[in-house]
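Enquirer: Supplied in structure tokens, the structure appears directly below.
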Amino acid sequence: MAHAQDLRDDKSVEEAYFTLRSKHQIPALGLGTWKAEPNVVRDAVYSAIVENGYRHIDCAHVYGNEKEVGAGLKAAFDAGIKRDDIFVTSKLWIKFTSPEKVKDACQQTLKDLGLTYLDLYLIHWPIYLSEDADSPPKKRQVLPFDVKGVWREMEGLVERKLVRDIGISNFSVPKLEKLMSFASIKPAVNQVEMHPSWRNDNVLAYCNKNNIHVTAYSPLGSSSTDLFDTPEVIEAAEKLGKSPGQILIRWLIQRGVSTIPKSSSDKRIKENMEVFDFSIPAEDMDKLSSISSQVRTNAGEELLVSSEDDKDAILNEFWDGEM
Ligand code: NDP
């Protein structure tokens with residue numbers, strides 16, 4: 001297996017992996033499943049794995065489709081793909097981020113996916129809401145988040161061999177520093193929003209320095225931005241004869257970051273995987289990395305801000321000033 005870091009010089013590699021601190025390997029490219037409708041996600045997972053060479057599927061309890069993702073995985077295994085060759089990520093939802101709820105939540109996800117272990121389990125967001133919380137939550141529904149207690153239970157999942165690696169998602173640098181100060185098993189991965197219009201440079205620098213691998217979510221800008229029309233992206237796409245989506249995915253991989261573009265379309269699932277036969281020259285990487293307007297598409301507003309709150313203050317506090 002090749003390391004994605006090597007791809008800068010090797011255009012012929014078809015599959016690429018990054019090595020986690022545990023020495024396990026995470027594929028550079030995976031399939032996202034958020035907003036993938038239950039009636040199509042089974043086929044998307046099957047097509048990605050069996051027909052297009054994907055080896056990483058990114059899931060979450062809150063996406064409401066883990067049973068259907070599991071059906072897609074089963075179909076792939078029935079077609080001869082080995083479980084050990086697939087990297088499956090899932091995430092602990094914010095209504096279960098309390099120490100006594102972690103194990104049951106993980107076991108529910110395993111049951112839904114039809115698996116005996118996950119490759120990676122992430123704390124989805126560093127918050128804890130009551131199980132009856134509305135979206136957005138009322139003030140009384142936002143409960144104290146015991147990160148130390150929850151992490152200890154996450155470590156217990158590794159000890160019980162229910163998961164191979166544990167990590168976090170949507171953690172800012174100060175929250176990572178706190179976690180690193182007490183973790184016995186250090187986080188393998190921080191999954192965060194990242195694309196040329198939200199580079200997340202500070203989080204990436206901290207993670208690189210501390211051997212925490214970064215996975216980029218919403219690599220194409222999710223469904224709410226016009227990344228595809230950005231002049232820097234169009235210029236690189238035209239120069240290299242690639243699609244804007246391929247440029248955005250390749251930019252991340254060349255930054256040393258794995259990524260999980262979501263698609264339910266066969267055509268785009270295939271297109272998004274065709275990023276290992278070219279590289280973006282340094283001058284174009286620099287241009288893509290210099291877009292001045294930096295905006296999150298997913299600040300978590302609906303998870304964090306109740307109607308009676310001051311939105312800017314809450315989000316600013318949650319992201320520790322990085323808005
Ligand atoms: P993406 O940036 O992956 O964009 C997905 C959208 O782009 C869909 O509308 C898809 O439509 C479309 N698309 C896919 N490929 C192409 C292409 N080549 N050209 C044009 N359009 C394309 O957004 P997501 O927000 O879904 O992020 C990816 C994944 O990251 C999620 O699915 C989820 O697994 C994870 N995630 C994690 C979060 C976290 O908090 N940890 C938060 C958000 C996402 P179509 O399906 O029709 O192709």
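Within each chain, counting starts at residue 1; across the structure tokens, chains are named A, B, ... in the order shown, with ligands numbered 1 upward in that order.
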Please identify which residues in region 28-118 of chain A DSSP calls helix (DSSP H, G or I) from the backbone, and express them as an MDAnalysis selection string.
Expert: chainID A and resid 38:51 61:63 66:78 83:85 99:113
Enquirer: Which residues are close to region 164-170 of chain A, i.e. within 6 Å by only C-alpha atoms, leaving aside same-chain residues fewer than 3 positions away? Reply as a list in words.
Expert: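 The neighbour list is Asp119, Leu120, Tyr121, Leu122, Ile123, His124, Trp125, Val158, Pro187, Ala188, Val189, Asn190, Gln191 and Val192 of chain A.
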Enquirer: For the selection just defined, write its residues with all heavy atoms to a file, as a compact mmCIF listing (two decimals), in the first residue's frame.
Expert:
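Final output, out_33.txt:
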# COMPACT_ATOMS: atom_id res chain seq x y z
N ASP A 119 -13.50 0.65 12.44
CA ASP A 119 -12.09 1.05 12.32
C ASP A 119 -11.83 2.34 13.08
O ASP A 119 -10.74 2.54 13.62
CB ASP A 119 -11.74 1.22 10.84
CG ASP A 119 -11.83 -0.11 10.14
OD1 ASP A 119 -10.85 -0.86 10.17
OD2 ASP A 119 -12.93 -0.44 9.63
N LEU A 120 -12.84 3.20 13.12
CA LEU A 120 -12.65 4.51 13.76
C LEU A 120 -13.98 4.99 14.32
O LEU A 120 -15.00 4.94 13.62
CB LEU A 120 -12.13 5.50 12.71
CG LEU A 120 -11.89 6.94 13.15
CD1 LEU A 120 -10.77 7.00 14.20
CD2 LEU A 120 -11.48 7.81 11.95
N TYR A 121 -13.96 5.42 15.58
CA TYR A 121 -15.17 5.98 16.21
C TYR A 121 -14.80 7.37 16.72
O TYR A 121 -13.80 7.54 17.43
CB TYR A 121 -15.61 5.07 17.36
CG TYR A 121 -17.04 5.26 17.81
CD1 TYR A 121 -18.09 5.36 16.90
CD2 TYR A 121 -17.35 5.30 19.17
CE1 TYR A 121 -19.41 5.51 17.32
CE2 TYR A 121 -18.68 5.44 19.60
CZ TYR A 121 -19.70 5.54 18.67
OH TYR A 121 -21.00 5.67 19.09
N LEU A 122 -15.61 8.35 16.33
CA LEU A 122 -15.30 9.75 16.66
C LEU A 122 -16.36 10.34 17.58
O LEU A 122 -17.55 10.02 17.43
CB LEU A 122 -15.29 10.59 15.36
CG LEU A 122 -14.40 10.12 14.22
CD1 LEU A 122 -14.63 10.99 12.98
CD2 LEU A 122 -12.93 10.16 14.63
N ILE A 123 -15.95 11.21 18.48
CA ILE A 123 -16.92 12.08 19.17
C ILE A 123 -17.35 13.11 18.12
O ILE A 123 -16.53 13.87 17.62
CB ILE A 123 -16.28 12.80 20.38
CG1 ILE A 123 -15.80 11.79 21.42
CG2 ILE A 123 -17.26 13.80 20.98
CD1 ILE A 123 -15.10 12.41 22.62
N HIS A 124 -18.64 13.09 17.76
CA HIS A 124 -19.10 13.86 16.60
C HIS A 124 -18.92 15.37 16.78
O HIS A 124 -18.47 16.08 15.89
CB HIS A 124 -20.56 13.50 16.32
CG HIS A 124 -20.97 13.69 14.90
ND1 HIS A 124 -21.93 12.92 14.28
CD2 HIS A 124 -20.57 14.57 13.96
CE1 HIS A 124 -22.09 13.32 13.03
NE2 HIS A 124 -21.28 14.33 12.81
N TRP A 125 -19.33 15.86 17.96
CA TRP A 125 -19.16 17.28 18.31
C TRP A 125 -18.87 17.35 19.81
O TRP A 125 -19.45 16.56 20.57
CB TRP A 125 -20.46 18.08 18.04
CG TRP A 125 -20.82 18.24 16.60
CD1 TRP A 125 -21.40 17.32 15.78
CD2 TRP A 125 -20.62 19.42 15.80
NE1 TRP A 125 -21.59 17.85 14.53
CE2 TRP A 125 -21.12 19.12 14.51
CE3 TRP A 125 -20.08 20.69 16.05
CZ2 TRP A 125 -21.09 20.06 13.46
CZ3 TRP A 125 -20.06 21.61 15.01
CH2 TRP A 125 -20.56 21.29 13.73
N VAL A 158 -11.78 0.71 22.69
CA VAL A 158 -10.58 0.14 22.06
C VAL A 158 -10.15 -1.09 22.84
O VAL A 158 -9.84 -2.15 22.26
CB VAL A 158 -9.42 1.18 22.01
CG1 VAL A 158 -8.17 0.56 21.38
CG2 VAL A 158 -9.84 2.43 21.26
N PRO A 187 -5.96 10.82 20.46
CA PRO A 187 -6.87 10.72 19.31
C PRO A 187 -6.09 10.46 18.01
O PRO A 187 -5.07 11.10 17.75
CB PRO A 187 -7.55 12.09 19.27
CG PRO A 187 -6.65 13.00 20.04
CD PRO A 187 -5.96 12.16 21.07
N ALA A 188 -6.62 9.52 17.22
CA ALA A 188 -5.97 9.17 15.96
C ALA A 188 -6.31 10.19 14.88
O ALA A 188 -5.50 10.48 14.00
CB ALA A 188 -6.40 7.78 15.51
N VAL A 189 -7.54 10.72 14.94
CA VAL A 189 -8.07 11.54 13.85
C VAL A 189 -8.90 12.69 14.41
O VAL A 189 -9.60 12.51 15.41
CB VAL A 189 -8.99 10.68 12.93
CG1 VAL A 189 -9.75 11.54 11.93
CG2 VAL A 189 -8.18 9.61 12.19
N ASN A 190 -8.80 13.85 13.78
CA ASN A 190 -9.77 14.94 14.00
C ASN A 190 -10.45 15.19 12.65
O ASN A 190 -9.78 15.53 11.67
CB ASN A 190 -9.05 16.20 14.48
CG ASN A 190 -10.01 17.32 14.90
OD1 ASN A 190 -11.19 17.07 15.18
ND2 ASN A 190 -9.50 18.55 14.97
N GLN A 191 -11.74 14.97 12.59
CA GLN A 191 -12.49 15.19 11.34
C GLN A 191 -13.11 16.58 11.40
O GLN A 191 -13.91 16.87 12.29
CB GLN A 191 -13.57 14.11 11.16
CG GLN A 191 -14.25 14.23 9.81
CD GLN A 191 -15.36 13.20 9.58
OE1 GLN A 191 -16.53 13.56 9.43
NE2 GLN A 191 -14.99 11.94 9.56
N VAL A 192 -12.72 17.43 10.44
CA VAL A 192 -13.17 18.83 10.48
C VAL A 192 -13.53 19.29 9.06
O VAL A 192 -13.12 18.69 8.07
CB VAL A 192 -12.06 19.76 11.03
CG1 VAL A 192 -11.80 19.48 12.50
CG2 VAL A 192 -10.77 19.63 10.22
Enquirer: Tell me which protein, DNA and RNA residues are within 12 Å of Leu92 (chain A), counting only C-alpha atoms, leaving out same-chain ones fewer than 6 positions away, and put them as an MDAnalysis selection string.
Expert: chainID A and resid 59:63 98:99 101:110 118 120:128 150:151 153:154 157 166:169
Enquirer: Restricting it to C-alpha atoms, dump the selection as a compact mmCIF listing (two decimals), in the first residue's frame.
Expert:
# COMPACT_ATOMS: atom_id res chain seq x y z
CA CYS A 59 -21.03 7.05 8.68
CA ALA A 60 -22.80 8.47 11.71
CA HIS A 61 -25.74 7.45 13.87
CA VAL A 62 -27.35 10.85 13.33
CA TYR A 63 -27.41 10.43 9.53
CA SER A 98 -22.09 11.17 28.50
CA PRO A 99 -19.84 8.45 29.97
CA LYS A 101 -24.06 6.19 27.22
CA VAL A 102 -20.93 5.68 25.10
CA LYS A 103 -20.77 1.88 25.02
CA ASP A 104 -24.47 1.37 24.20
CA ALA A 105 -24.32 4.01 21.46
CA CYS A 106 -21.33 2.30 19.86
CA GLN A 107 -23.00 -1.10 20.09
CA GLN A 108 -26.16 0.27 18.46
CA THR A 109 -24.09 1.60 15.55
CA LEU A 110 -22.30 -1.76 15.21
CA LEU A 118 -15.41 -0.14 13.68
CA LEU A 120 -12.65 4.51 13.76
CA TYR A 121 -15.17 5.98 16.21
CA LEU A 122 -15.30 9.75 16.66
CA ILE A 123 -16.92 12.08 19.17
CA HIS A 124 -19.10 13.86 16.60
CA TRP A 125 -19.16 17.28 18.31
CA PRO A 126 -17.74 18.40 21.68
CA ILE A 127 -21.14 19.03 23.26
CA TYR A 128 -23.81 17.13 25.20
CA VAL A 150 -16.45 10.36 27.68
CA TRP A 151 -12.90 9.90 26.40
CA GLU A 153 -15.20 5.33 27.76
CA MET A 154 -13.98 5.77 24.18
CA LEU A 157 -14.11 0.66 23.38
CA ILE A 166 -10.77 6.61 18.36
CA GLY A 167 -10.84 10.27 17.51
CA ILE A 168 -12.83 13.46 17.53
CA SER A 169 -14.60 15.78 15.16
Enquirer: Which chains and residue numbers are within 6 Å of ligand 1, counting only C-alpha atoms and all ligand atoms, if I want them as a VMD selection string?
Expert: chain A and resid 32 to 34 58 to 59 124 169 191 217 to 223 245 260 to 265 268 271 to 272
Enquirer: For Pro174 (chain A), which residue out of A:Ala16, A:Ile291, A:Val203, A:Leu143 is the nearest one, using only C-alpha atoms?
Expert: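 Checking each candidate against Pro174 (chain A), we get A:Val203 as the closest.
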